[in-house]
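A.B. asks: Would you mind keeping the following structure in view while I ask a few things?
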Amino acid sequence: MKPHQRNAGLAALAVAFVVFILPFLFTFLMAVKTKKEAALFLFSWPSEWQFWANLTEVVKARNYMLLLAYFNSTLITLAAVSGLVVMGAMVGYVLQRRASGWNRLIYAGVLMGLMVPPAVVPTIWVLQGLGLFKTIHGMVLIQIAYGLSFSILLYRSFIGTIPRDLDEAARIDGARPWEIFFRVILPLLKPVTVTLIVVQSIAIFNDFTNPLYYLPGKENVTVQLTLFNFQTQFQSQFNLLFMNILLVTIPPLLVFIFFNRQIVAGMTAGGVKG
Amino acid sequence: MIRQKSPYPYWFVLPAAVVFVTLFLVPTLASLWFSLTRWDLFTAHFIGLDNYRQFFKEPFLIQGLGNTLVYAVLTSVSKSVLGLLLAVLLTSGILWQGFLRAVVFFPVLVSTIGIGITFAALMHPTKGAINVALAWVGIDGPAWLSDPALALYSVAFIDLWKGVGLATLIYIAGLAAISPDYYEAARIDGATRLQQFWRVTVPLVRPATVTVVTLSLIGGLRSFDIIWATTKGGPGFASDVLASVIYKQYQAGFYGLATAGNVILFALIALIILPLTWWLNKREVDL
């Protein structure tokens with residue numbers, strides 16, 4: 001490493017510390033302060049550490065709302081991501097393998113899904129008609145509908161790297177189409193599947209707008225909505241509000257530490273936002 | 001002769017198609033009709049273009065439209081410029097490069113609402129850390145989020161802070177795809193670092209630029225949660241954008257008007273993105 005690279009690195013570290021790390025440190029410090037001290041908003045070391053007290057108080061607030069929210073968010077994320085993997089891979093597979101006029105239509109749909117903002121009130125109208133409004137499974141289907149385009153594109157480009165000879169060989173051995181796909185192809189898609197799971201999980205777990213519209217109601221609360229609910233309730237208890245922020249930041253932080261490579265692959269693949 | 005069945009049957013598309021058509025395509029098409037009605041979710045009463053007329057008559061709705069454009073252009077230009085510069089810096093082999101990349105990227109993954117609340121505290125006019133720090137050096141910091149002239153820009157800054165990591169990441173991937181031979185040739189021809197940047201890096205990283213600009217423009221035009229978490233469109237309507245206007249009209253029960261807002265947002269995105277991608281991709285071929 002040359003001296004100017006070291007100096008530039010040190011300067012960049014200093015700037016990055018102030019710009020990117022201090023706000024997170026601020027969140028952490030606010031979260032462990034007492035109610036009175038947090039209300040001062042000062043960027044200071046807490047005179048009295050209240051980590052556990054604040055943590056338990058946030059968890060207990062509103063009859064353990066946060067636990068319910070974690071449960072709901074996890075359920076929605078798991079179900080929606082499973083659906084996205086299977087459905088996205090199936091479409092990507094046919095789209096890549098079979099050339100026909102239908103593909104143009106599918107591409108048009110994919111492009112629309114990436115670009116067009118969802119029409120919220122008409123969506124609520126459809127959901128109500130199907131009895132899916134304010135239900136967890138309705139929310140799951142919405143997340144699938146909105147995430148499909150990204151999944152299809154990601155799978156389509158990866159399936160292009162898998163030789164057709166494999167499908168042929170399986171077919172000659174007498175495998176039916178769904179057997180070829182589920183037994184031969186899908187297992188080979190594991191690397192891109194991991195990427196998709198990681199990127200979409202974060203997107204769905206962090207989603208605020210869609211649950212706000214399609215999943216109102218206390219019993220259906222999701223993690224991001226607790227923040228929003230507590231923002232008004234904890235108007236004078238900023239320590240608890242920031243403890244809540246800290247708690248919803250931890251899952252993506254863990255995912256980031258363990259799946260950094262997959263996240264980078266997913267975010268840069270085709271440059272589609274997850 | 002019996003036609004051989006394809007090993008790639010179209011029913012594979014069916015599950016995805018059913019979900020997508022029912023929950024995305026049908027509402028999108030229905031929005032065109034409902035935007036022409038006075039609507040309470042049960043009965044829709046056709047009123048022609050009244051919702052659109054109202055949208056372009058109410059000053060605060062027009063302001064929302066203007067704000068959306070300003071916000072989208074501002075965030076997408078700043079993300080692309082800063083993203084490229086950061087990507088160049090973070091591929092130059094500086095000290096702690098990997099760690100720095102992670103630090104710049106991490107906010108992308110964090111809850112937008114959490115970041116909004118944090119920055120609302122940091123930007124508090126009297127108690128916030130930003131103005132306290134400015135006061136140390138003798139600057140009287142403004143009311144970042146509660147000054148009507150400033151609120152929209154402050155929110156755009158928070159958006160930049162959160163999103164620049166994604167632009168950087170895409171640019172890093174783009175830079176990695178440029179063959180070192182080009183820089184080698186430029187050096188032999190005596191090009192300075194700055195000339196290399198303008199004559200080699202900028203033209204050759206173009207595919208990444210197209211991606212970053214398109215993505216952040218679409219994201220910026222649709223932006224809602226960061227605004228809702230910080231200013232809720234206020235003070236007054238100073239930082240309202242189309243997406244927050246739609247939500248407010250929805251909350252107020254003006255479903256037809258909210259849907260008209262949705263159609264306008266859709267039209268705005270299409271009017272900007274389609275010619276832009278066409279133009280950007282055309283120029284790409286010229287190279």
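By order in the structure tokens, chains are A, B, ...; within a chain, residues start at 1; ligands start at 1, following the order shown.
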Please provide as a PyMOL selection string all residues within 7 Å of stretch 198-212 of chain B, with the sequence filter that same-chain residues fewer than 4 positions apart are discarded (counting only C-alpha atoms).

C.D. replies: (chain A and resi 271) or (chain B and resi 80+167+170-171+174-175+178+182+194+216+280)

A.B. asks: What does the file look like for those residues with C-alpha atoms, as an mmCIF file, in the first residue's frame?

C.D. replies:
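File result-v2.cif, as written:
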```cif
data_model
loop_
_atom_site.group_PDB
_atom_site.id
_atom_site.type_symbol
_atom_site.label_atom_id
_atom_site.label_comp_id
_atom_site.auth_asym_id
_atom_site.auth_seq_id
_atom_site.Cartn_x
_atom_site.Cartn_y
_atom_site.Cartn_z
ATOM 1 C CA GLY A 271 -29.130 -3.390 -11.368
ATOM 2 C CA SER B 80 -25.170 9.177 -9.352
ATOM 3 C CA ALA B 167 -25.400 3.668 -6.339
ATOM 4 C CA ILE B 170 -23.595 -0.585 -8.765
ATOM 5 C CA TYR B 171 -20.780 1.722 -9.869
ATOM 6 C CA GLY B 174 -19.429 -1.208 -13.350
ATOM 7 C CA LEU B 175 -15.846 -0.093 -12.728
ATOM 8 C CA ILE B 178 -13.651 -1.845 -17.387
ATOM 9 C CA TYR B 182 -7.778 1.318 -21.347
ATOM 10 C CA LEU B 194 -8.324 13.665 -14.165
ATOM 11 C CA SER B 216 -33.059 6.356 -8.421
ATOM 12 C CA LEU B 280 -29.579 6.525 -22.799
#
```

A.B. asks: Mind dumping a table of every chain A residue within 6 Å of chain B, with the nearest atom pair and its distance in Å to one decimal, using only C-alpha atoms, sorted by chain and rising number, as JSON lines?

C.D. replies:
```
{"residue": "A:Gln5", "atom": "CA", "partner": "B:Ile94", "partner_atom": "CA", "distance": 4.4}
{"residue": "A:Arg6", "atom": "CA", "partner": "B:Leu95", "partner_atom": "CA", "distance": 5.0}
{"residue": "A:Gly9", "atom": "CA", "partner": "B:Leu95", "partner_atom": "CA", "distance": 4.3}
{"residue": "A:Phe41", "atom": "CA", "partner": "B:Lys127", "partner_atom": "CA", "distance": 5.9}
{"residue": "A:Met87", "atom": "CA", "partner": "B:Ala16", "partner_atom": "CA", "distance": 5.4}
{"residue": "A:Met90", "atom": "CA", "partner": "B:Phe12", "partner_atom": "CA", "distance": 5.5}
{"residue": "A:Val91", "atom": "CA", "partner": "B:Val13", "partner_atom": "CA", "distance": 5.0}
{"residue": "A:Val94", "atom": "CA", "partner": "B:Tyr8", "partner_atom": "CA", "distance": 5.6}
{"residue": "A:Val116", "atom": "CA", "partner": "B:Phe266", "partner_atom": "CA", "distance": 5.8}
{"residue": "A:Ala119", "atom": "CA", "partner": "B:Thr28", "partner_atom": "CA", "distance": 5.4}
{"residue": "A:Pro122", "atom": "CA", "partner": "B:Pro27", "partner_atom": "CA", "distance": 4.9}
{"residue": "A:Thr123", "atom": "CA", "partner": "B:Pro27", "partner_atom": "CA", "distance": 5.0}
{"residue": "A:Ala145", "atom": "CA", "partner": "B:Phe20", "partner_atom": "CA", "distance": 4.8}
{"residue": "A:Pro177", "atom": "CA", "partner": "B:Pro7", "partner_atom": "CA", "distance": 5.0}
{"residue": "A:Asn206", "atom": "CA", "partner": "B:Ser111", "partner_atom": "CA", "distance": 5.2}
{"residue": "A:Ile245", "atom": "CA", "partner": "B:Gly114", "partner_atom": "CA", "distance": 5.2}
{"residue": "A:Thr249", "atom": "CA", "partner": "B:Val110", "partner_atom": "CA", "distance": 5.9}
{"residue": "A:Thr268", "atom": "CA", "partner": "B:Ile170", "partner_atom": "CA", "distance": 5.3}
{"residue": "A:Gly271", "atom": "CA", "partner": "B:Thr211", "partner_atom": "CA", "distance": 5.8}
```

A.B. asks: Could you state the separation of atom CA of A:Ser149 and atom CA of A:Met115 in Å, given to one decimal place?

C.D. replies: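 These atoms are spaced 9.8 Å apart.
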
A.B. asks: Among stretch 109-167 of chain A, which residues does DSSP mark as helix (DSSP H, G or I) when it is run on the backbone? Keep the chain and numbering as in the structure and answer as a ChimeraX atom specification.

C.D. replies: /A:109-115,120-129,136-159,164-167

A.B. asks: Ranking A:Ala80, A:Ile159, A:Ser44, A:Thr226 by minimum distance to A:Val58 and counting only C-alpha atoms, which one comes first?

C.D. replies: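 The closest residue to A:Val58 is A:Thr226.
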
A.B. asks: Could you work out how far atom CA of A:Arg156 lies from atom CA of A:Gln96, giving the answer in Å with one decimal?

C.D. replies: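 These atoms are spaced 5.6 Å apart.
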
A.B. asks: Distance atom CA of A:Gln237-atom CA of A:Ala39, one decimal place?

C.D. replies: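 We find that atom CA of A:Gln237 and atom CA of A:Ala39 lie 7.1 Å from each other.
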
A.B. asks: Excluding stretch 58-68 of chain B and any residue of its chain fewer than 2 positions from it, enumerate the residues within 10 Å of it, using only C-alpha atoms, and give them as a ChimeraX atom specification.

C.D. replies: /B:53-56,70-74,152-153,220-223,233,236-246,261,264-265,268

A.B. asks: Output the selection as a compact mmCIF listing (two decimals), in the first residue's frame - N, CA and C atoms for each residue.

C.D. replies:
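Now in selection_37.txt:
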```txt
# COMPACT_ATOMS: atom_id res chain seq x y z
N ARG B 53 -59.12 17.67 -12.88
CA ARG B 53 -59.25 19.12 -12.87
C ARG B 53 -58.91 19.66 -11.49
N GLN B 54 -59.46 18.98 -10.47
CA GLN B 54 -59.19 19.43 -9.10
C GLN B 54 -57.71 19.32 -8.78
N PHE B 55 -57.11 18.23 -9.27
CA PHE B 55 -55.69 18.02 -9.00
C PHE B 55 -54.85 19.17 -9.52
N PHE B 56 -55.20 19.66 -10.71
CA PHE B 56 -54.38 20.71 -11.31
C PHE B 56 -54.86 22.11 -10.93
N VAL B 70 -38.73 17.93 -8.33
CA VAL B 70 -37.51 18.47 -7.73
C VAL B 70 -36.81 17.38 -6.91
N TYR B 71 -37.59 16.69 -6.09
CA TYR B 71 -37.05 15.66 -5.22
C TYR B 71 -36.38 14.56 -6.02
N ALA B 72 -37.08 14.08 -7.06
CA ALA B 72 -36.56 12.95 -7.85
C ALA B 72 -35.28 13.34 -8.58
N VAL B 73 -35.28 14.52 -9.20
CA VAL B 73 -34.09 14.94 -9.95
C VAL B 73 -32.92 15.15 -8.99
N LEU B 74 -33.21 15.82 -7.88
CA LEU B 74 -32.16 16.11 -6.91
C LEU B 74 -31.53 14.84 -6.36
N LEU B 152 -37.97 20.16 2.09
CA LEU B 152 -37.86 19.19 0.99
C LEU B 152 -36.41 18.80 0.74
N TYR B 153 -35.52 19.79 0.80
CA TYR B 153 -34.10 19.54 0.54
C TYR B 153 -33.47 18.72 1.66
N GLY B 220 -37.18 7.88 -6.61
CA GLY B 220 -37.43 9.23 -6.14
C GLY B 220 -38.83 9.71 -6.45
N LEU B 221 -39.31 9.37 -7.65
CA LEU B 221 -40.67 9.79 -8.02
C LEU B 221 -41.72 9.12 -7.15
N ARG B 222 -41.44 7.88 -6.70
CA ARG B 222 -42.40 7.13 -5.91
C ARG B 222 -42.19 7.32 -4.41
N SER B 223 -41.17 8.06 -4.04
CA SER B 223 -40.74 8.14 -2.64
C SER B 223 -41.88 8.52 -1.70
N GLY B 233 -44.92 15.50 4.91
CA GLY B 233 -45.29 16.44 3.84
C GLY B 233 -45.24 17.89 4.28
N GLY B 236 -46.95 22.59 6.56
CA GLY B 236 -47.98 22.89 5.56
C GLY B 236 -47.93 21.80 4.50
N PHE B 237 -47.73 22.20 3.26
CA PHE B 237 -47.58 21.23 2.18
C PHE B 237 -46.19 21.35 1.56
N ALA B 238 -45.26 21.95 2.33
CA ALA B 238 -43.96 22.32 1.75
C ALA B 238 -43.16 21.14 1.22
N SER B 239 -43.30 19.97 1.87
CA SER B 239 -42.52 18.84 1.37
C SER B 239 -43.43 17.70 0.91
N ASP B 240 -44.65 18.03 0.56
CA ASP B 240 -45.55 17.00 0.03
C ASP B 240 -45.11 16.59 -1.37
N VAL B 241 -45.12 15.28 -1.63
CA VAL B 241 -44.90 14.78 -2.97
C VAL B 241 -46.14 13.99 -3.38
N LEU B 242 -46.18 13.54 -4.64
CA LEU B 242 -47.38 12.85 -5.11
C LEU B 242 -47.77 11.69 -4.21
N ALA B 243 -46.78 10.87 -3.82
CA ALA B 243 -47.12 9.69 -3.04
C ALA B 243 -47.73 10.06 -1.69
N SER B 244 -47.25 11.16 -1.08
CA SER B 244 -47.83 11.54 0.22
C SER B 244 -49.18 12.20 0.03
N VAL B 245 -49.36 12.92 -1.09
CA VAL B 245 -50.67 13.49 -1.40
C VAL B 245 -51.69 12.37 -1.59
N ILE B 246 -51.28 11.32 -2.30
CA ILE B 246 -52.18 10.17 -2.52
C ILE B 246 -52.61 9.59 -1.18
N GLY B 261 -54.54 10.73 -8.49
CA GLY B 261 -53.14 11.01 -8.15
C GLY B 261 -52.23 9.88 -8.56
N ILE B 264 -51.73 9.96 -12.26
CA ILE B 264 -50.80 11.03 -12.62
C ILE B 264 -49.36 10.62 -12.33
N LEU B 265 -49.17 9.98 -11.18
CA LEU B 265 -47.82 9.51 -10.83
C LEU B 265 -47.32 8.51 -11.86
N LEU B 268 -46.47 10.32 -15.02
CA LEU B 268 -45.23 11.08 -14.84
C LEU B 268 -44.01 10.17 -14.97
```

A.B. asks: Can you tell me, as a PyMOL selection string, what residues are no more than 7 Å from A:Phe242 when counting only C-alpha atoms, ignoring any on the same chain fewer than 2 positions away?

C.D. replies: chain A and resi 27+30-31+238-240+244-246

A.B. asks: Taking into account only C-alpha atoms, which residue in the set A:Pro252, A:Gly217, A:Gly174, A:Pro163 is nearest to A:Val198?

C.D. replies: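 Smallest distance to A:Val198 is found for A:Pro252.
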